[in-house]
Amino acid sequence: QVQLVDSGGASVQAGDSLELTCTASGSTRGIGCMGWFRQAPQKAREAVAMISTGGGPVRYPEAVKGRFTISQDKVKNTLYLQMDNLKPEDTAVYYCAADPTPYECGEASWSYDGLYTIWGQGTQVTVSS
């Protein structure tokens, strides 16, 4: 059973950069798509970056395109989310998530949180103006 541990959240100023880390324990074989969601107070959870672990598509919503970059280190079983030019609206709890099927991040489905059944515990990111 794969477990995900998120880390790297912090309080920063607008315009700053931050890198989140998600470390997976256990075998990640069979996980085709994984990445990051976030949830701000009183808002729905939203996907911010997904990576197809086999080298397929990487997905971002418009709100973070050009500012967030997802990457993976397969040797370390670690996922990264580099966040640049942070804005106050990026304030949220960020969660690592994995879809335990071998399929890459689909164009129509990648942002649907019901697809992901393995979750990290979350890490808080707070951006002040």
# chains A, B, ... in the order shown; residues from 1 in each chain; ligands from 1

$ residues_around --residues "Thr21 of chain A" --least-positions-apart "5" --cutoff "7 Å" --atoms "only C-alpha atoms" --output "list in words"
Asp6, Ser7, Gly8, Thr78, Leu79, Tyr80 and Leu81 of chain A

$ closest_atom_pairs --of "segment 69-90 of chain A" --to "segment 52-58 of chain A" --cutoff "9 Å" --atoms "only C-alpha atoms" --output "Markdown table"
| residue | atom | partner | partner_atom | distance |
| --- | --- | --- | --- | --- |
| A:Ile70 | CA | A:Val58 | CA | 7.9 |
| A:Gln72 | CA | A:Thr53 | CA | 7.7 |
| A:Lys74 | CA | A:Thr53 | CA | 8.4 |

$ atom_distance --atom1 "atom CA of Cys105 of chain A" --atom2 "atom CA of Leu18 of chain A"
24.2 Å

$ closest_residue --among "A:Ala108, A:Val12, A:Ala97, A:Leu4" --to "Ala49 of chain A" --atoms "only C-alpha atoms"
A:Ala97

$ closest_atom_pairs --of "segment 91-117 of chain A" --to "segment 28-48 of chain A" --cutoff "6 Å" --atoms "only C-alpha atoms" --output "JSON lines"
{"residue": "A:Ala92", "atom": "CA", "partner": "A:Ala40", "partner_atom": "CA", "distance": 4.2}
{"residue": "A:Val93", "atom": "CA", "partner": "A:Gln39", "partner_atom": "CA", "distance": 5.3}
{"residue": "A:Tyr94", "atom": "CA", "partner": "A:Arg38", "partner_atom": "CA", "distance": 4.2}
{"residue": "A:Tyr95", "atom": "CA", "partner": "A:Phe37", "partner_atom": "CA", "distance": 5.1}
{"residue": "A:Cys96", "atom": "CA", "partner": "A:Trp36", "partner_atom": "CA", "distance": 4.6}
{"residue": "A:Ala97", "atom": "CA", "partner": "A:Gly35", "partner_atom": "CA", "distance": 5.5}
{"residue": "A:Ala98", "atom": "CA", "partner": "A:Met34", "partner_atom": "CA", "distance": 4.2}
{"residue": "A:Asp99", "atom": "CA", "partner": "A:Cys33", "partner_atom": "CA", "distance": 5.6}
{"residue": "A:Pro100", "atom": "CA", "partner": "A:Ile31", "partner_atom": "CA", "distance": 4.5}
{"residue": "A:Thr101", "atom": "CA", "partner": "A:Ile31", "partner_atom": "CA", "distance": 5.2}
{"residue": "A:Pro102", "atom": "CA", "partner": "A:Gly32", "partner_atom": "CA", "distance": 4.1}
{"residue": "A:Tyr103", "atom": "CA", "partner": "A:Gly32", "partner_atom": "CA", "distance": 4.7}
{"residue": "A:Glu104", "atom": "CA", "partner": "A:Gly32", "partner_atom": "CA", "distance": 4.9}
{"residue": "A:Cys105", "atom": "CA", "partner": "A:Cys33", "partner_atom": "CA", "distance": 5.1}
{"residue": "A:Ser111", "atom": "CA", "partner": "A:Ala47", "partner_atom": "CA", "distance": 5.2}

$ closest_residue --among "A:Ser25, A:Thr91, A:Asn85, A:Thr117" --to "Ala10 of chain A" --atoms "only C-alpha atoms"
A:Thr91

$ select_by_dssp --residues "chain A" --states "strand (DSSP E or B)" --output "ChimeraX atom specification"
/A:3-7,11-13,18-25,33-39,46-52,58-59,68-73,78-83,92-99,118-119,123-128

$ atom_distance --atom1 "atom CA of Gly66 of chain A" --atom2 "atom CA of Gln82 of chain A"
10.8 Å

$ atom_distance --atom1 "atom CA of Leu86 of chain A" --atom2 "atom CA of Asp73 of chain A"
23.6 Å

$ closest_residue --among "A:Gln3, A:Ser129, A:Ser11, A:Ser17" --to "Thr69 of chain A" --atoms "only C-alpha atoms"
A:Ser17

$ closest_residue --among "A:Met50, A:Tyr116, A:Asp84, A:Gly106" --to "Ala14 of chain A" --atoms "only C-alpha atoms"
A:Asp84

$ select_by_dssp --residues "segment 60-129 of chain A" --states "helix (DSSP H, G or I)" --output "list in words"
Pro88, Glu89, Asp90, Asp113, Gly114 and Leu115 of chain A
